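A.B. asks: Below you'll find run03.txt; it's compact mmCIF, C-alpha atoms.
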# COMPACT_ATOMS: atom_id res chain seq x y z
CA MET A 1 36.35 -1.56 -16.09
CA LEU A 2 35.64 -5.00 -14.65
CA MET A 3 34.23 -3.46 -11.49
CA MET A 4 31.95 -1.15 -13.49
CA ALA A 5 30.77 -4.07 -15.60
CA GLY A 6 30.09 -6.06 -12.43
CA LEU A 7 28.05 -3.21 -10.92
CA VAL A 8 26.00 -2.82 -14.10
CA ALA A 9 25.36 -6.57 -14.20
CA LEU A 10 24.30 -6.55 -10.54
CA HIS A 11 21.94 -3.63 -11.16
CA LEU A 12 20.38 -5.30 -14.19
CA ALA A 13 19.89 -8.58 -12.33
CA ASP A 14 18.02 -6.85 -9.49
CA HIS A 15 16.15 -4.19 -11.53
CA ARG A 16 12.35 -4.27 -11.47
CA SER A 17 10.28 -2.43 -14.06
CA ASN A 18 7.48 -0.02 -13.21
CA THR A 19 4.99 -2.69 -14.31
CA GLU A 20 6.45 -5.26 -11.88
CA LEU A 21 6.46 -2.75 -9.04
CA ARG A 22 2.84 -1.74 -9.74
CA ALA A 23 1.84 -5.42 -9.74
CA GLU A 24 3.39 -5.80 -6.28
CA LEU A 25 1.38 -2.80 -5.08
CA ALA A 26 -1.94 -3.69 -6.71
CA HIS A 27 -3.47 -4.59 -3.32
CA LEU A 28 -2.91 -0.98 -2.19
CA LEU A 29 -3.91 0.71 -5.42
CA LEU A 30 -7.01 -1.46 -5.87
CA PRO A 31 -7.97 -2.37 -2.27
CA GLY A 32 -10.87 -4.65 -3.25
CA GLU A 33 -8.62 -6.82 -5.38
CA GLN A 34 -6.46 -9.54 -3.82
CA SER A 35 -3.02 -9.91 -5.31
CA PRO A 36 0.17 -11.78 -4.45
CA GLY A 37 1.54 -8.49 -3.08
CA SER A 38 -1.06 -8.46 -0.29
CA LEU A 39 0.69 -11.41 1.33
CA ARG A 40 4.13 -9.79 1.22
CA PRO A 41 5.80 -8.40 4.34
CA SER A 42 5.38 -4.67 4.95
CA ARG A 43 9.07 -3.96 4.37
CA ASP A 44 8.96 -5.49 0.87
CA THR A 45 5.82 -3.51 0.05
CA LEU A 46 7.44 -0.29 1.28
CA GLU A 47 10.62 -0.99 -0.66
CA ALA A 48 8.66 -1.38 -3.89
CA MET A 49 6.60 1.72 -3.13
CA HIS A 50 9.68 3.83 -2.33
CA ILE A 51 11.39 2.80 -5.57
CA LEU A 52 8.31 3.58 -7.63
CA LEU A 53 7.59 6.87 -5.86
CA ASN A 54 11.08 8.10 -6.69
CA ARG A 55 10.98 7.25 -10.38
CA PRO A 56 9.99 9.94 -12.90
CA GLN A 57 6.71 8.24 -13.87
CA GLY A 58 5.89 6.74 -10.45
CA PHE A 59 2.42 7.75 -9.29
CA SER A 60 -0.10 10.41 -10.16
CA ARG A 61 -1.30 12.80 -7.46
CA ALA A 62 -4.64 10.92 -7.29
CA GLU A 63 -2.84 7.60 -6.77
CA GLY A 64 -0.64 9.20 -4.11
CA GLN A 65 -3.74 10.45 -2.31
CA GLN A 66 -5.31 7.00 -2.47
CA LEU A 67 -2.11 5.36 -1.20
CA SER A 68 -1.96 7.82 1.70
CA GLU A 69 -5.54 7.09 2.71
CA THR A 70 -5.08 3.31 2.36
CA LEU A 71 -1.83 3.21 4.36
CA LEU A 72 -3.17 5.44 7.14
CA ALA A 73 -6.11 3.05 7.56
CA LYS A 74 -3.83 0.01 8.04
CA ASP A 75 -3.12 -1.57 11.43
CA ASP A 76 0.59 -1.93 10.72
CA PRO A 77 2.49 1.02 12.29
CA LEU A 78 5.24 0.74 9.66
CA LEU A 79 2.74 1.31 6.85
CA ARG A 80 1.12 4.23 8.69
CA GLU A 81 4.52 5.79 9.29
CA PHE A 82 5.37 5.54 5.59
CA ALA A 83 2.12 7.36 4.77
CA LEU A 84 3.54 10.28 6.76
CA SER A 85 6.78 10.26 4.75
CA ILE A 86 7.79 12.98 2.34
CA ASP A 87 7.27 10.60 -0.58
CA LEU A 88 3.50 10.50 0.03
CA CYS A 89 3.07 13.92 1.63
CA ARG A 90 4.16 15.57 -1.60
CA LEU A 91 1.54 13.58 -3.57
CA SER A 92 -1.38 14.12 -1.18
CA ARG A 93 -4.12 16.71 -1.47
CA HIS A 94 -2.82 20.02 -0.06
CA THR A 95 -4.52 22.96 1.63
CA ALA A 96 -4.02 26.57 0.57
CA LEU A 97 -1.06 26.79 2.99
CA ASN A 98 0.65 23.82 1.27
CA VAL A 99 -0.16 21.43 4.14
CA PRO A 100 -0.85 17.79 3.17
CA ALA A 101 -4.49 17.62 4.26
CA THR A 102 -4.84 13.82 4.66
CA GLN A 103 -1.76 13.48 6.85
CA GLU A 104 -2.62 16.58 8.87
CA GLN A 105 -6.12 15.22 9.54
CA HIS A 106 -4.71 11.84 10.59
CA VAL A 107 -2.15 13.25 13.03
CA LEU A 108 -4.06 16.23 14.44
CA GLY A 109 -7.67 15.52 13.45
CA GLY A 110 -8.67 13.72 16.64
CA THR A 111 -10.34 15.95 19.20
CA PRO A 112 -8.47 15.85 21.48
CA PRO A 113 -5.43 14.03 20.07
CA PRO A 114 -4.65 10.85 22.05
CA MET A 115 -1.18 12.08 23.09
CA ASP A 116 0.01 8.55 23.81
CA GLY A 117 3.27 6.92 22.71
CA PRO A 118 2.15 5.79 19.21
CA TRP A 119 0.59 9.20 18.54
CA TRP A 120 3.78 10.97 19.65
CA LEU A 121 5.83 8.86 17.21
CA GLU A 122 3.49 9.79 14.34
CA TYR A 123 3.44 13.45 15.38
CA VAL A 124 7.23 13.68 15.44
CA THR A 125 7.55 11.83 12.13
CA TYR A 126 5.07 14.12 10.42
CA ARG A 127 5.81 17.48 12.05
CA ARG A 128 9.54 17.28 12.48
CA LYS A 129 10.89 14.91 9.85
CA VAL A 130 8.53 15.57 6.96
CA GLY A 131 6.17 18.47 7.30
CA GLY A 132 8.61 21.32 7.53
CA LYS A 133 7.84 24.91 8.37
CA GLN A 134 4.36 24.94 6.79
CA VAL A 135 3.09 22.39 9.36
CA GLY A 136 4.98 23.77 12.34
CA GLY A 137 8.30 21.91 12.17
CA ARG A 138 10.44 25.04 12.30
CA ARG A 139 12.91 23.80 14.86
CA ARG A 140 14.67 20.62 15.78
CA LEU A 141 13.58 18.37 18.64
CA ASP A 142 14.88 19.57 21.96
CA ASN A 143 16.29 17.15 24.54
CA LEU A 144 12.97 16.61 26.33
CA GLU A 145 11.08 15.89 23.11
CA LEU A 146 13.84 13.51 22.08
CA LEU A 147 13.58 11.75 25.46
CA TRP A 148 9.81 11.35 24.97
CA TYR A 149 10.44 10.01 21.46
CA ARG A 150 12.89 7.41 22.75
CA ARG A 151 10.44 6.40 25.50
CA ALA A 152 7.64 6.13 22.93
CA LEU A 153 9.82 3.77 20.91
CA ARG A 154 9.94 1.57 24.05
CA GLY A 155 6.13 1.70 24.34
CA GLU A 156 5.82 4.41 27.01
CA SER A 157 3.68 7.53 26.68
CA PRO A 158 4.92 11.09 27.26
CA PRO A 159 3.53 12.96 30.30
CA HIS A 160 0.14 14.22 29.14
CA GLU A 161 0.03 17.58 30.93
CA GLU A 162 3.57 18.61 30.06
CA LEU A 163 3.07 17.55 26.44
CA SER A 164 -0.16 19.59 26.24
CA LYS A 165 1.62 22.72 27.49
CA ARG A 166 4.48 22.22 25.04
CA LEU A 167 2.12 21.71 22.07
CA LEU A 168 0.11 24.82 22.95
CA ARG A 169 3.28 26.89 23.19
CA ALA A 170 4.51 25.49 19.86
CA ALA A 171 1.17 26.32 18.20
CA ARG A 172 1.42 29.93 19.39
CA GLU A 173 5.01 30.26 18.15
CA ALA A 174 4.45 28.38 14.86
CA ARG A 175 3.96 31.37 12.61
CA VAL A 176 5.64 34.10 14.64
CA GLY A 177 8.97 35.63 13.69
CA PRO A 178 11.56 34.69 11.11
CA ILE A 179 12.49 31.13 10.31
CA PRO A 180 15.70 30.18 12.18
CA ARG A 181 18.83 29.93 10.03
CA GLY A 182 19.43 26.53 8.51
CA GLN A 183 15.81 25.41 8.97
What do you get writing this file as structure tokens?

C.D. replies:
Amino acid sequence: MLMMAGLVALHLADHRSNTELRAELAHLLLPGEQSPGSLRPSRDTLEAMHILLNRPQGFSRAEGQQLSETLLAKDDPLLREFALSIDLCRLSRHTALNVPATQEQHVLGGTPPPMDGPWWLEYVTYRRKVGGKQVGGRRRLDNLELLWYRRALRGESPPHEELSKRLLRAAREARVGPIPRGQ
């Protein structure tokens, strides 16, 4: 009983209300307005956003769309990566095929896509970790793709020609055949 009481007390001491969390995120929800949250580190901002996004009355779909657009326009790669997360993909504007349009445009909208290390990290985050079968993430990363991902984390770019061939093949196979078991 003492341990349960201690855990409840710890939770209550660290609990932030929706109003407090929204105040911390005002600089993202109202970009023209400066707030104390705009000076906070990205990790603190993302923590507050994650908590609020996973509460029953977190954000409306319009606010989620605005957050996605704002975060994708930031220079900080951590904020851009969070905009590609499932938390914001589910609140973004979707196409008829249930694809989050803002994130899809950001990752694959460039003609041609840059296919450098930072782009590969965003592509893998969106396609493989978040997007699911409707955006082409029907299978897990193979060893070569994982090697390119690890190299991209170190700042290297994947080989352009080989990556192009692999992406073309994946695009052809994206909607062909049954979905593999467990995917």

A.B. asks: Can you work out the spacing between CA of Leu67 in chain A and CA of Leu29 in chain A in Å, to one decimal?

C.D. replies: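 Spanning CA of Leu67 in chain A to CA of Leu29 in chain A is a straight-line distance of 6.5 Å.
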
A.B. asks: When you look at Ile51 in chain A with a cut-off of 10 Å (counting all atoms listed in the file), what residues show up, excluding the ones that are within fewer than 5 positions of it in the same chain? I need them as an mmCIF file with C-alpha atoms, in the frame of the given file.

C.D. replies:
data_model
loop_
_atom_site.group_PDB
_atom_site.id
_atom_site.type_symbol
_atom_site.label_atom_id
_atom_site.label_comp_id
_atom_site.auth_asym_id
_atom_site.auth_seq_id
_atom_site.Cartn_x
_atom_site.Cartn_y
_atom_site.Cartn_z
ATOM 1 C CA ARG A 16 12.350 -4.270 -11.470
ATOM 2 C CA ASN A 18 7.480 -0.020 -13.210
ATOM 3 C CA LEU A 21 6.460 -2.750 -9.040
ATOM 4 C CA LEU A 46 7.440 -0.290 1.280
ATOM 5 C CA GLY A 58 5.890 6.740 -10.450
#

A.B. asks: What does the structure give for the distance between CA of Met115 in chain A and CA of Leu28 in chain A, in Å to one decimal?

C.D. replies: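 Separating CA of Met115 in chain A from CA of Leu28 in chain A is a distance of 28.5 Å.
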
A.B. asks: Would you kindly return, as a PyMOL selection string, each protein, DNA or RNA residue with an atom no farther than 8 Å from any atom of Gln103 in chain A, considering all atoms listed in the file and excluding same-chain residues fewer than 6 positions away?

C.D. replies: chain A and resi 68+83-84+89+126

A.B. asks: Quick one: residues within 12 Å of His160 in chain A, all atoms listed in the file, excluding same-chain residues fewer than 2 positions away - as a VMD selection string?

C.D. replies: chain A and resid 112 to 117 119 to 120 148 156 to 158 162 to 167
